[in-house]
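Chemist: So I've got this file, coords.tsv, and it contains TSV, C-alpha atoms and all ligand atoms:
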chain	number	residue	atom	x	y	z
A	246	MET	CA	66.56	117.09	37.53
A	247	THR	CA	65.14	114.90	34.85
A	248	ALA	CA	63.42	111.61	35.69
A	249	PRO	CA	65.39	108.40	35.19
A	250	VAL	CA	64.22	106.17	32.34
A	251	ARG	CA	64.34	102.49	33.35
A	252	PRO	CA	63.31	99.33	31.49
A	253	ALA	CA	59.78	98.28	32.45
A	254	GLN	CA	60.87	94.62	32.37
A	255	ASP	CA	63.33	95.26	35.21
A	256	MET	CA	61.77	93.88	38.42
A	257	ALA	CA	63.81	96.26	40.58
A	258	ALA	CA	62.57	99.24	38.54
A	259	LEU	CA	58.97	98.05	38.99
A	260	ALA	CA	59.45	97.66	42.74
A	261	ASP	CA	60.93	101.17	42.94
A	262	ALA	CA	58.03	102.50	40.88
A	263	ALA	CA	55.52	101.00	43.32
A	264	LEU	CA	57.41	102.59	46.24
A	265	ILE	CA	57.43	105.99	44.55
A	266	LEU	CA	53.68	105.73	43.94
A	267	ARG	CA	53.02	104.73	47.56
A	268	SER	CA	54.88	107.81	48.76
A	269	GLY	CA	52.80	110.10	46.51
A	270	GLY	CA	55.16	110.33	43.53
A	271	LEU	CA	54.54	110.29	39.78
A	272	VAL	CA	55.57	107.43	37.46
A	273	ALA	CA	55.14	107.27	33.69
A	274	MET	CA	53.97	103.77	32.74
A	275	PRO	CA	53.56	102.14	29.35
A	276	THR	CA	50.12	100.92	28.37
A	277	GLU	CA	48.96	99.35	25.11
A	278	THR	CA	47.35	102.66	24.04
A	279	VAL	CA	49.71	105.49	25.08
A	280	TYR	CA	52.04	106.14	28.02
A	281	GLY	CA	50.15	107.14	31.16
A	282	LEU	CA	51.32	109.32	34.05
A	283	ALA	CA	50.40	107.33	37.14
A	284	ALA	CA	49.67	108.53	40.66
A	285	ASP	CA	47.98	106.88	43.66
A	286	ALA	CA	44.31	107.51	42.84
A	287	GLY	CA	43.43	107.44	46.53
A	288	ASN	CA	45.96	110.12	47.48
A	289	ALA	CA	44.60	113.62	46.81
A	290	ARG	CA	48.03	115.23	47.20
A	291	ALA	CA	49.56	112.88	44.65
A	292	VAL	CA	46.67	113.59	42.27
A	293	ALA	CA	47.09	117.34	42.79
A	294	ARG	CA	50.77	116.97	41.86
A	295	LEU	CA	49.73	115.04	38.77
A	296	TYR	CA	47.35	117.79	37.62
A	297	ALA	CA	50.09	120.37	38.25
A	298	ALA	CA	52.74	118.39	36.31
A	299	LYS	CA	50.43	118.17	33.29
A	300	GLY	CA	49.09	121.71	33.62
A	301	ARG	CA	45.67	120.09	33.41
A	302	PRO	CA	42.46	121.86	34.35
A	303	ARG	CA	41.20	120.23	37.53
A	304	PHE	CA	37.66	119.81	36.28
A	305	ASN	CA	38.97	117.22	33.86
A	306	PRO	CA	38.65	113.85	35.64
A	307	LEU	CA	41.15	110.99	35.40
A	308	ILE	CA	40.83	107.32	34.50
A	309	ALA	CA	41.38	104.95	37.44
A	310	HIS	CA	43.49	102.05	36.15
A	311	VAL	CA	42.95	98.82	38.04
A	312	ALA	CA	44.57	95.38	38.10
A	313	ASP	CA	41.38	93.31	38.04
A	314	ILE	CA	37.57	93.28	37.99
A	315	GLU	CA	37.41	92.95	41.78
A	316	THR	CA	39.18	96.30	42.22
A	317	ALA	CA	37.00	97.84	39.51
A	318	GLU	CA	33.88	96.68	41.36
A	319	ARG	CA	35.13	98.43	44.50
A	320	CYS	CA	35.25	101.72	42.56
A	321	GLY	CA	32.18	101.72	40.29
A	322	VAL	CA	28.65	100.34	40.30
A	323	PHE	CA	28.40	97.72	37.56
A	324	CYS	CA	25.19	96.61	35.86
A	325	ASP	CA	24.62	93.67	33.54
A	326	LEU	CA	25.73	95.63	30.45
A	327	SER	CA	28.91	97.04	31.99
A	328	ARG	CA	29.83	93.57	33.28
A	329	ARG	CA	29.43	92.13	29.81
A	330	LEU	CA	31.61	94.87	28.29
A	331	ALA	CA	34.28	94.37	30.95
A	332	ALA	CA	34.24	90.61	30.40
A	333	ALA	CA	34.56	91.04	26.63
A	334	PHE	CA	37.21	93.77	26.45
A	335	TRP	CA	39.27	93.92	29.67
A	336	PRO	CA	42.17	93.96	29.79
A	337	GLY	CA	42.10	96.29	26.79
A	338	PRO	CA	41.63	99.77	25.30
A	339	LEU	CA	38.13	100.37	26.74
A	340	THR	CA	37.37	102.82	29.55
A	341	LEU	CA	34.00	102.46	31.27
A	342	VAL	CA	32.42	105.48	32.97
A	343	LEU	CA	30.14	104.16	35.70
A	344	PRO	CA	28.32	105.52	38.75
A	345	ARG	CA	30.97	106.01	41.43
A	346	ARG	CA	30.65	103.99	44.63
A	347	THR	CA	30.51	106.31	47.62
A	348	ASP	CA	33.26	104.25	49.28
A	349	ALA	CA	35.43	104.05	46.14
A	350	PRO	CA	39.17	104.08	46.99
A	351	VAL	CA	39.61	107.04	44.64
A	352	SER	CA	40.00	110.66	45.75
A	353	ASP	CA	37.35	113.20	44.77
A	354	LEU	CA	40.08	115.15	43.03
A	355	ALA	CA	40.77	112.22	40.69
A	356	THR	CA	37.11	112.10	39.64
A	357	ALA	CA	36.93	115.93	39.68
A	358	GLY	CA	34.02	115.78	42.11
A	359	LEU	CA	31.77	113.88	39.69
A	360	ASP	CA	29.45	111.11	40.84
A	361	THR	CA	30.90	108.87	38.13
A	362	VAL	CA	34.25	107.13	37.82
A	363	ALA	CA	36.20	106.12	34.69
A	364	LEU	CA	37.76	102.64	34.94
A	365	ARG	CA	40.08	100.57	32.79
A	366	ILE	CA	42.24	97.44	33.04
A	367	PRO	CA	45.12	98.08	30.64
A	368	ASP	CA	46.42	95.28	28.41
A	369	HIS	CA	50.14	95.74	28.92
A	370	PRO	CA	52.35	93.45	31.00
A	371	ALA	CA	54.28	96.36	32.57
A	372	ALA	CA	51.15	98.30	33.51
A	373	ARG	CA	49.57	95.19	34.97
A	374	ALA	CA	52.73	94.28	36.89
A	375	LEU	CA	52.90	97.81	38.30
A	376	LEU	CA	49.21	97.76	39.27
A	377	ALA	CA	49.69	94.40	40.99
A	378	ALA	CA	52.80	95.61	42.83
A	379	PHE	CA	51.09	98.87	43.87
A	380	GLY	CA	47.92	97.11	44.96
A	381	GLY	CA	45.26	99.75	44.26
A	382	PRO	CA	43.83	102.02	41.56
A	383	LEU	CA	46.23	104.32	39.73
A	384	ALA	CA	44.99	107.57	38.23
A	385	ALA	CA	46.72	107.89	34.87
A	386	PRO	CA	46.05	110.44	32.15
A	387	SER	CA	48.21	110.38	29.07
A	388	ALA	CA	51.76	111.39	30.08
A	389	ASN	CA	51.96	114.66	28.14
A	390	PRO	CA	51.55	118.33	29.04
A	391	SER	CA	47.81	119.11	28.85
A	392	GLY	CA	46.68	119.79	25.28
A	393	ALA	CA	49.80	118.31	23.64
A	394	VAL	CA	50.10	115.15	21.57
A	395	SER	CA	49.94	111.95	23.64
A	396	PRO	CA	53.23	110.04	24.10
A	397	THR	CA	53.73	106.65	22.48
A	398	THR	CA	57.37	106.21	23.55
A	399	ALA	CA	59.32	106.81	26.78
A	400	GLN	CA	61.35	109.41	24.87
A	401	HIS	CA	58.17	111.43	24.16
A	402	VAL	CA	57.38	111.38	27.89
A	403	ALA	CA	60.89	112.53	28.79
A	404	GLU	CA	60.67	115.43	26.33
A	405	GLY	CA	57.34	116.69	27.64
A	406	LEU	CA	57.41	115.97	31.37
A	407	GLY	CA	60.88	114.65	32.24
A	408	ASP	CA	61.64	117.45	34.71
A	409	LYS	CA	58.28	117.20	36.53
A	410	ILE	CA	57.99	113.50	37.38
A	411	ASP	CA	59.93	110.88	39.35
A	412	LEU	CA	60.43	107.89	37.05
A	413	ILE	CA	59.73	106.77	33.49
A	414	LEU	CA	59.25	103.07	32.77
A	415	ASP	CA	60.28	102.26	29.19
A	416	ALA	CA	58.69	99.40	27.26
A	417	GLY	CA	59.23	100.72	23.75
A	418	PRO	CA	56.50	102.03	21.42
A	419	CYS	CA	52.84	101.49	22.32
A	420	ARG	CA	51.04	98.82	20.31
A	421	VAL	CA	47.70	100.63	19.77
A	422	GLY	CA	48.90	104.23	19.63
A	423	VAL	CA	45.63	106.09	20.31
A	424	GLU	CA	43.90	106.41	23.67
A	425	SER	CA	41.20	104.06	24.92
A	426	THR	CA	37.59	104.28	23.77
A	427	VAL	CA	35.54	105.90	26.55
A	428	VAL	CA	32.00	104.56	27.01
A	429	ALA	CA	29.60	105.71	29.73
A	430	ILE	CA	26.97	103.30	30.99
A	431	MET	CA	24.04	105.26	32.34
A	432	ASP	CA	20.71	103.65	33.23
A	433	GLY	CA	21.65	100.54	31.27
A	434	LYS	CA	22.46	102.52	28.10
A	435	ALA	CA	25.90	102.82	26.49
A	436	VAL	CA	27.09	106.25	25.34
A	437	LEU	CA	30.27	106.86	23.32
A	438	LEU	CA	32.20	109.69	25.00
A	439	ARG	CA	35.47	109.31	23.07
A	440	PRO	CA	36.31	107.11	20.09
A	441	GLY	CA	39.58	105.27	20.67
A	442	GLY	CA	41.62	102.13	20.38
A	443	LEU	CA	38.65	99.75	20.56
A	444	PRO	CA	36.62	100.22	17.37
A	445	ARG	CA	32.93	101.15	17.71
A	446	ALA	CA	31.71	98.06	15.83
A	447	GLU	CA	33.25	95.69	18.39
A	448	ILE	CA	31.42	97.47	21.21
A	449	GLU	CA	28.16	97.74	19.28
A	450	ALA	CA	28.19	93.96	18.76
A	451	ILE	CA	27.41	93.83	22.48
A	452	THR	CA	25.56	97.08	23.17
A	453	GLY	CA	23.68	97.69	19.93
A	454	PRO	CA	24.02	101.20	18.42
A	455	LEU	CA	25.96	103.49	20.78
A	456	ALA	CA	24.37	106.79	21.67
A	457	ALA	CA	26.53	109.86	21.07
A	458	ALA	CA	27.38	112.16	23.97
A	459	GLY	CA	24.80	114.92	23.91
A	460	GLU	CA	21.98	112.65	22.73
A	461	THR	CA	21.38	111.57	26.31
A	462	ALA	CA	21.48	113.00	29.81
A	463	ALA	CA	24.94	111.46	30.32
A	464	PRO	CA	27.67	114.05	30.85
A	465	ALA	CA	30.12	114.46	27.99
A	466	ALA	CA	33.72	113.56	28.76
A	467	PRO	CA	34.89	116.86	30.22
A	468	GLY	CA	38.28	116.27	28.62
A	469	MET	CA	36.89	116.38	25.13
A	470	LEU	CA	37.92	119.95	24.54
A	471	LYS	CA	37.70	120.77	20.88
A	472	SER	CA	41.34	121.76	20.68
A	473	HIS	CA	43.45	118.90	21.93
A	474	TYR	CA	46.29	116.61	20.89
A	475	ALA	CA	47.77	119.61	19.11
A	476	PRO	CA	51.20	119.88	17.51
A	477	ARG	CA	52.59	123.43	17.26
A	478	ALA	CA	52.18	123.55	13.50
A	479	PRO	CA	48.61	123.99	12.23
A	480	LEU	CA	47.06	120.93	10.59
A	481	ARG	CA	45.35	120.87	7.21
A	482	LEU	CA	43.15	117.80	6.84
A	483	ASN	CA	42.07	115.75	3.82
A	484	ALA	CA	44.98	117.17	1.84
A	485	LEU	CA	45.84	115.33	-1.36
A	486	GLU	CA	49.25	116.99	-1.54
A	487	PRO	CA	51.32	119.47	0.48
A	488	GLY	CA	51.27	123.20	-0.29
A	489	ALA	CA	54.38	125.42	-0.17
A	490	GLY	CA	56.20	125.10	3.15
A	491	GLU	CA	53.91	122.33	4.37
A	492	ALA	CA	55.03	118.96	5.65
A	493	TYR	CA	52.99	116.01	4.38
A	494	LEU	CA	51.62	113.01	6.21
A	495	GLY	CA	50.36	110.38	3.81
A	496	PHE	CA	48.07	107.38	4.15
A	497	GLY	CA	47.77	104.42	1.81
A	498	PRO	CA	49.51	103.26	-1.35
A	499	GLY	CA	48.65	106.26	-3.56
A	500	ALA	CA	50.27	108.83	-1.25
A	501	LEU	CA	53.03	111.23	-2.22
A	502	GLU	CA	56.31	109.43	-2.95
A	503	GLY	CA	58.97	110.01	-0.30
A	504	ALA	CA	56.61	111.58	2.26
A	505	LEU	CA	56.06	110.09	5.70
A	506	ASN	CA	53.14	107.63	5.45
A	507	LEU	CA	50.92	106.50	8.35
A	508	SER	CA	50.44	103.17	6.59
A	509	PRO	CA	51.54	102.58	3.00
A	510	GLY	CA	49.37	99.44	3.01
A	511	ALA	CA	46.32	101.43	4.28
A	512	ASP	CA	46.20	99.40	7.51
A	513	LEU	CA	44.31	101.50	10.10
A	514	ALA	CA	45.85	99.70	13.10
A	515	GLU	CA	49.32	100.53	11.77
A	516	ALA	CA	48.21	104.13	11.12
A	517	ALA	CA	46.90	104.50	14.69
A	518	ALA	CA	50.16	103.16	16.12
A	519	ASN	CA	52.19	105.65	14.04
A	520	LEU	CA	49.92	108.70	14.35
A	521	PHE	CA	51.29	110.58	17.37
A	522	ALA	CA	54.97	109.76	16.73
A	523	TYR	CA	54.69	110.94	13.11
A	524	LEU	CA	52.88	114.16	14.08
A	525	ARG	CA	55.67	114.88	16.57
A	526	HIS	CA	58.34	114.10	14.01
A	527	LEU	CA	56.87	116.44	11.39
A	528	ASP	CA	56.18	119.14	13.99
A	529	ALA	CA	59.85	119.09	15.04
A	530	GLY	CA	60.77	120.42	11.57
A	531	ALA	CA	58.65	123.55	12.32
A	532	PRO	CA	56.75	123.45	9.01
A	533	ARG	CA	54.27	126.18	8.02
A	534	ALA	CA	51.58	123.51	8.39
A	535	ILE	CA	51.19	119.74	8.40
A	536	ALA	CA	48.99	118.58	5.53
A	537	VAL	CA	47.40	115.21	6.26
A	538	ALA	CA	46.01	112.80	3.68
A	539	PRO	CA	42.40	111.64	4.02
A	540	VAL	CA	42.00	108.67	6.36
A	541	PRO	CA	38.86	106.51	6.06
A	542	GLU	CA	36.37	106.82	8.92
A	543	ALA	CA	35.93	103.01	9.32
A	544	GLY	CA	37.13	101.01	12.34
A	545	LEU	CA	40.09	102.69	14.06
A	546	GLY	CA	39.75	105.49	11.49
A	547	GLU	CA	37.07	107.02	13.72
A	548	ALA	CA	39.59	107.55	16.53
A	549	ILE	CA	42.36	108.65	14.15
A	550	ASN	CA	40.10	111.26	12.51
A	551	ASP	CA	38.82	112.40	15.92
A	552	ARG	CA	42.39	113.13	17.06
A	553	LEU	CA	43.27	114.80	13.75
A	554	ARG	CA	40.20	117.06	13.90
A	555	ARG	CA	41.02	118.06	17.47
A	556	ALA	CA	44.62	118.77	16.53
A	557	ALA	CA	43.41	120.87	13.59
A	558	ALA	CA	41.01	122.83	15.81
A	559	ARG	CA	43.79	124.31	17.91
A	560	GLU	CA	43.26	127.92	18.83
A	561	ASP	CA	46.37	130.00	19.23
A	562	ALA	CA	46.29	130.50	22.96
B	1	LIG	O1	44.25	105.08	26.73
B	1	LIG	C1	43.95	105.88	27.62
B	1	LIG	O2	42.77	106.09	27.96
B	1	LIG	C2	45.11	106.60	28.32
B	1	LIG	C3	45.97	105.55	29.01
B	1	LIG	C4	47.09	106.16	29.82
B	1	LIG	O3	45.17	104.70	29.79
B	1	LIG	N1	44.62	107.56	29.24
B	1	LIG	C5	44.02	108.71	28.84
B	1	LIG	O4	43.63	109.53	29.87
B	1	LIG	O5	43.83	109.01	27.68
B	1	LIG	P1	43.19	111.03	29.68
B	1	LIG	O6	43.08	111.58	31.05
B	1	LIG	O7	44.12	111.73	28.74
B	1	LIG	O8	41.74	110.94	29.05
B	1	LIG	C6	40.66	110.46	29.83
B	1	LIG	C7	39.35	110.88	29.25
B	1	LIG	C8	39.17	112.39	29.31
B	1	LIG	O9	38.53	112.80	28.11
B	1	LIG	C9	38.27	112.57	30.53
B	1	LIG	O10	37.51	113.75	30.48
B	1	LIG	C10	37.41	111.33	30.43
B	1	LIG	O11	38.28	110.31	30.02
B	1	LIG	N2	36.85	110.98	31.75
B	1	LIG	C11	37.50	110.57	32.85
B	1	LIG	N3	36.65	110.40	33.88
B	1	LIG	C12	35.41	110.69	33.42
B	1	LIG	C13	34.10	110.70	33.99
B	1	LIG	N4	33.90	110.38	35.25
B	1	LIG	N5	33.08	111.06	33.19
B	1	LIG	C14	33.26	111.38	31.91
B	1	LIG	N6	34.48	111.40	31.31
B	1	LIG	C15	35.54	111.06	32.05
B	2	MG	MG	45.20	112.95	27.27
Render the structure in this file as structure tokens.
Modeler:
Amino acid sequence: MTAPVRPAQDMAALADAALILRSGGLVAMPTETVYGLAADAGNARAVARLYAAKGRPRFNPLIAHVADIETAERCGVFCDLSRRLAAAFWPGPLTLVLPRRTDAPVSDLATAGLDTVALRIPDHPAARALLAAFGGPLAAPSANPSGAVSPTTAQHVAEGLGDKIDLILDAGPCRVGVESTVVAIMDGKAVLLRPGGLPRAEIEAITGPLAAAGETAAPAAPGMLKSHYAPRAPLRLNALEPGAGEAYLGFGPGALEGALNLSPGADLAEAAANLFAYLRHLDAGAPRAIAVAPVPEAGLGEAINDRLRRAAAREDA
């Protein structure tokens, strides 16, 4: 049976979603970044089902999505710096990895046994309404089979996981289009674990220069496997034109006429919003490879290039 797709604006659908979550079920919810697959973070059986539905290695911990700062403070230990980041960017595409409170209402399975917890208040009315109706933290990885491209529409979710989950809430395409930026705060220092929908410069305006994972004792995001976000077709990056049998993904005004273009006007926010849907679209044509135009590294370009490099690094496994 495939999961029903219901409009996220429908109050009855939201109420049903909260009931499903309370009884240990799985609900795909829209967020401003990508669609997430939500489960009751405090229910280890629900979280186990979530890992199984995604085919996700269990050592890869999940983000606990919360409705408000009060709930976040019940899960993680905040310091002055993490409070300032939360005040500046929540709700929004920032995930904070903080020391986990011993009494956090989050199962050990959701945090993969780590002594840290990843927290985020999403900036999407449907996600926030669902969190409020549910009344506790929701574990929610991107709603795709592990290793595949993240979903930015309800249709993408249905294609990848429709037969493994209970309900899909549909709010149309995601505004940001790449996952949240993950920042760990350890001993008062901020470490960038994953570039994402909140550009580095905005964070650094508050933290000063971010340390890179690996430069400090902070654990790297275990989910940052080199090969990730991968379409089936191999990717060829920084390609100025397609080779024989290759599909082309352009960027900017000079790109190949007639080819799909992430942003003809070279707008990085538009490119981020289009990235995963366009990769899926080109992949569906089963090309020999997908050749991708160079995308500048500035602003959201850091997250776009990170996802492209991971997609290109796929091993045939
Ligand atoms: O935008 C997003 O972040 C989306 C939406 C649904 O909120 N979620 C998402 O979740 O991308 P996921 O599970 O695909 O990626 C979460 C990342 C992974 O790289 C994971 O390893 C890392 O966050 N992470 C989670 N908990 C962590 C922790 N305690 N320490 C270090 N990294 C952690
Ligand atoms: Mg993911």
Chemist: Tell me, as a ChimeraX atom specification, which residues lie within 7 Å of region 506-523 of chain A, counting only C-alpha atoms; anything in the same chain fewer than 5 positions away does not count.
Modeler: /A:394-395,397,419-423,494-498,545-546,549
Chemist: Could you turn the residues from that selection into a file that holds C-alpha atoms, as a compact mmCIF listing (two decimals), in the coordinates of the input?
Modeler:
# COMPACT_ATOMS: atom_id res chain seq x y z
CA VAL A 394 50.10 115.15 21.57
CA SER A 395 49.94 111.95 23.64
CA THR A 397 53.73 106.65 22.48
CA CYS A 419 52.84 101.49 22.32
CA ARG A 420 51.04 98.82 20.31
CA VAL A 421 47.70 100.63 19.77
CA GLY A 422 48.90 104.23 19.63
CA VAL A 423 45.63 106.09 20.31
CA LEU A 494 51.62 113.01 6.21
CA GLY A 495 50.36 110.38 3.81
CA PHE A 496 48.07 107.38 4.15
CA GLY A 497 47.77 104.42 1.81
CA PRO A 498 49.51 103.26 -1.35
CA LEU A 545 40.09 102.69 14.06
CA GLY A 546 39.75 105.49 11.49
CA ILE A 549 42.36 108.65 14.15
Chemist: For region 355-359 of chain A, work out the shell of residues within 9 Å, counting only C-alpha atoms and skipping chain neighbours fewer than 4 positions away, then give it as a ChimeraX atom specification.
Modeler: /A:286-289,292-293,303-309,345,351,363,384
Chemist: Selected residues, C-alpha atoms, written as a CSV table (one decimal), in the coordinates of the input, please.
Modeler:
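This is the output file result.csv:
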chain,number,residue,atom,x,y,z
A,286,ALA,CA,44.3,107.5,42.8
A,287,GLY,CA,43.4,107.4,46.5
A,288,ASN,CA,46.0,110.1,47.5
A,289,ALA,CA,44.6,113.6,46.8
A,292,VAL,CA,46.7,113.6,42.3
A,293,ALA,CA,47.1,117.3,42.8
A,303,ARG,CA,41.2,120.2,37.5
A,304,PHE,CA,37.7,119.8,36.3
A,305,ASN,CA,39.0,117.2,33.9
A,306,PRO,CA,38.6,113.8,35.6
A,307,LEU,CA,41.2,111.0,35.4
A,308,ILE,CA,40.8,107.3,34.5
A,309,ALA,CA,41.4,105.0,37.4
A,345,ARG,CA,31.0,106.0,41.4
A,351,VAL,CA,39.6,107.0,44.6
A,363,ALA,CA,36.2,106.1,34.7
A,384,ALA,CA,45.0,107.6,38.2
Chemist: For ligand MG 2 (chain B), collect every residue having any atom at a distance of at most 10 Å from a ligand atom (counting all atoms listed in the file); output as a list in words.
Modeler: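 Using all atoms listed in the file, I find these residues within 10 Å of ligand MG 2 (chain B): Val279, Tyr280, Gly281, Leu282, Lys299, Arg301, Leu307, Ala385, Pro386, Ser387, Ala388, Asn389, Pro390, Ser391, Gly392, Ala393, Val394, Ser395, Pro396, Val423, Glu424, Gly468, Met469, His473 and Tyr474 of chain A.
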Chemist: Neighbours of Ala298 (chain A) within 8 Å (only C-alpha atoms; same-chain residues fewer than 5 positions away dropped), as a list in words?
Modeler: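 Contacts, with the query itself left out: Pro390, Leu406, Lys409 and Ile410 of chain A.
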Chemist: Can you work out the spacing between CA of Thr398 (chain A) and CA of Met246 (chain A) in Å, to one decimal?
Modeler: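 CA of Met246 (chain A) lies 20.0 Å from CA of Thr398 (chain A).
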Chemist: Quick one: of A:Glu486, A:Gly442, A:Leu437, A:Arg251, who's nearest to Arg552 (chain A), counting all atoms listed in the file?
Modeler: A:Gly442
Chemist: So that I can check the surroundings of Gly270 (chain A), please list as a VMD selection string every protein, DNA and RNA residue that reaches within 8 Å of it, counting only C-alpha atoms and ignoring chain neighbours fewer than 6 positions away.
Modeler: chain A and resid 284 to 285 291 410 to 411
Chemist: I need the chosen residues saved as a CSV table (one decimal), in the coordinates of the input, with C-alpha atoms.
Modeler:
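This went into result.csv:
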chain,number,residue,atom,x,y,z
A,284,ALA,CA,49.7,108.5,40.7
A,285,ASP,CA,48.0,106.9,43.7
A,291,ALA,CA,49.6,112.9,44.6
A,410,ILE,CA,58.0,113.5,37.4
A,411,ASP,CA,59.9,110.9,39.4
Chemist: (35.5, 93.5, 25.9) in this file's frame - what residues fall within 12 Å of it? Use only C-alpha atoms and give the answer as a ChimeraX atom specification.
Modeler: /A:326-341,365-368,426,428,442-452
Chemist: Go ahead and write the selection's residues with C-alpha atoms as a PDB file, in the coordinates of the input.
Modeler:
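And here is the file that came out, part16.pdb:
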ATOM      1  CA  LEU A 326      25.730  95.630  30.450  1.00  0.00           C
ATOM      2  CA  SER A 327      28.910  97.040  31.990  1.00  0.00           C
ATOM      3  CA  ARG A 328      29.830  93.570  33.280  1.00  0.00           C
ATOM      4  CA  ARG A 329      29.430  92.130  29.810  1.00  0.00           C
ATOM      5  CA  LEU A 330      31.610  94.870  28.290  1.00  0.00           C
ATOM      6  CA  ALA A 331      34.280  94.370  30.950  1.00  0.00           C
ATOM      7  CA  ALA A 332      34.240  90.610  30.400  1.00  0.00           C
ATOM      8  CA  ALA A 333      34.560  91.040  26.630  1.00  0.00           C
ATOM      9  CA  PHE A 334      37.210  93.770  26.450  1.00  0.00           C
ATOM     10  CA  TRP A 335      39.270  93.920  29.670  1.00  0.00           C
ATOM     11  CA  PRO A 336      42.170  93.960  29.790  1.00  0.00           C
ATOM     12  CA  GLY A 337      42.100  96.290  26.790  1.00  0.00           C
ATOM     13  CA  PRO A 338      41.630  99.770  25.300  1.00  0.00           C
ATOM     14  CA  LEU A 339      38.130 100.370  26.740  1.00  0.00           C
ATOM     15  CA  THR A 340      37.370 102.820  29.550  1.00  0.00           C
ATOM     16  CA  LEU A 341      34.000 102.460  31.270  1.00  0.00           C
ATOM     17  CA  ARG A 365      40.080 100.570  32.790  1.00  0.00           C
ATOM     18  CA  ILE A 366      42.240  97.440  33.040  1.00  0.00           C
ATOM     19  CA  PRO A 367      45.120  98.080  30.640  1.00  0.00           C
ATOM     20  CA  ASP A 368      46.420  95.280  28.410  1.00  0.00           C
ATOM     21  CA  THR A 426      37.590 104.280  23.770  1.00  0.00           C
ATOM     22  CA  VAL A 428      32.000 104.560  27.010  1.00  0.00           C
ATOM     23  CA  GLY A 442      41.620 102.130  20.380  1.00  0.00           C
ATOM     24  CA  LEU A 443      38.650  99.750  20.560  1.00  0.00           C
ATOM     25  CA  PRO A 444      36.620 100.220  17.370  1.00  0.00           C
ATOM     26  CA  ARG A 445      32.930 101.150  17.710  1.00  0.00           C
ATOM     27  CA  ALA A 446      31.710  98.060  15.830  1.00  0.00           C
ATOM     28  CA  GLU A 447      33.250  95.690  18.390  1.00  0.00           C
ATOM     29  CA  ILE A 448      31.420  97.470  21.210  1.00  0.00           C
ATOM     30  CA  GLU A 449      28.160  97.740  19.280  1.00  0.00           C
ATOM     31  CA  ALA A 450      28.190  93.960  18.760  1.00  0.00           C
ATOM     32  CA  ILE A 451      27.410  93.830  22.480  1.00  0.00           C
ATOM     33  CA  THR A 452      25.560  97.080  23.170  1.00  0.00           C
TER      34      THR A 452
END
Chemist: Rank A:Ala548, A:Met431, A:Ala536, A:Leu259 by their smallest atom-to-atom distance to Ala489 (chain A), using all atoms listed in the file, and report the top residue only.
Modeler: A:Ala536
Chemist: Kindly indicate which residue among A:Ala429, A:Leu364, A:Leu524, A:Leu295 lies nearest to Leu505 (chain A), using only C-alpha atoms for the distances.
Modeler: A:Leu524
Chemist: Between A:Ala538, A:Ala458, A:Val436, A:Ala500, which one has atoms that come closest to Asn483 (chain A), using only C-alpha atoms?
Modeler: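 Comparing A:Ala538, A:Ala458, A:Val436, A:Ala500 against Asn483 (chain A), the winner is A:Ala538.
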Chemist: By how many Å are CA of Arg290 (chain A) and CA of Gly407 (chain A) apart?
Modeler: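 Separation of CA of Arg290 (chain A) and CA of Gly407 (chain A): 19.7 Å.
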Chemist: One decimal, Å: what's the distance from atom N6 of ligand LIG 1 (chain B) over to CA of Leu343 (chain A), could you say?
Modeler: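 Computed distance, atom N6 of ligand LIG 1 (chain B) to CA of Leu343 (chain A), equals 9.5 Å.
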Chemist: Could you check which of A:Asp348, A:Thr278, A:Leu376, A:Ser268 is closest to Asp313 (chain A), using all atoms listed in the file?
Modeler: A:Leu376
Chemist: Let me make sure I understand: among A:Leu266, A:Ala372, A:Val342, A:Leu354, which one has the smallest atom-to-atom distance to ligand LIG 1 (chain B) if we use all atoms listed in the file?
Modeler: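 That would be A:Val342, the residue with the smallest distance to ligand LIG 1 (chain B).
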Chemist: Quick one: residues within 8 Å of Cys320 (chain A), all atoms listed in the file, excluding same-chain residues fewer than 2 positions away - as a list in words?
Modeler: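 Close residues of Cys320 (chain A): Thr316, Ala317, Glu318, Val322, Arg345, Arg346, Asp348, Ala349, Pro350, Val351 and Val362 of chain A.
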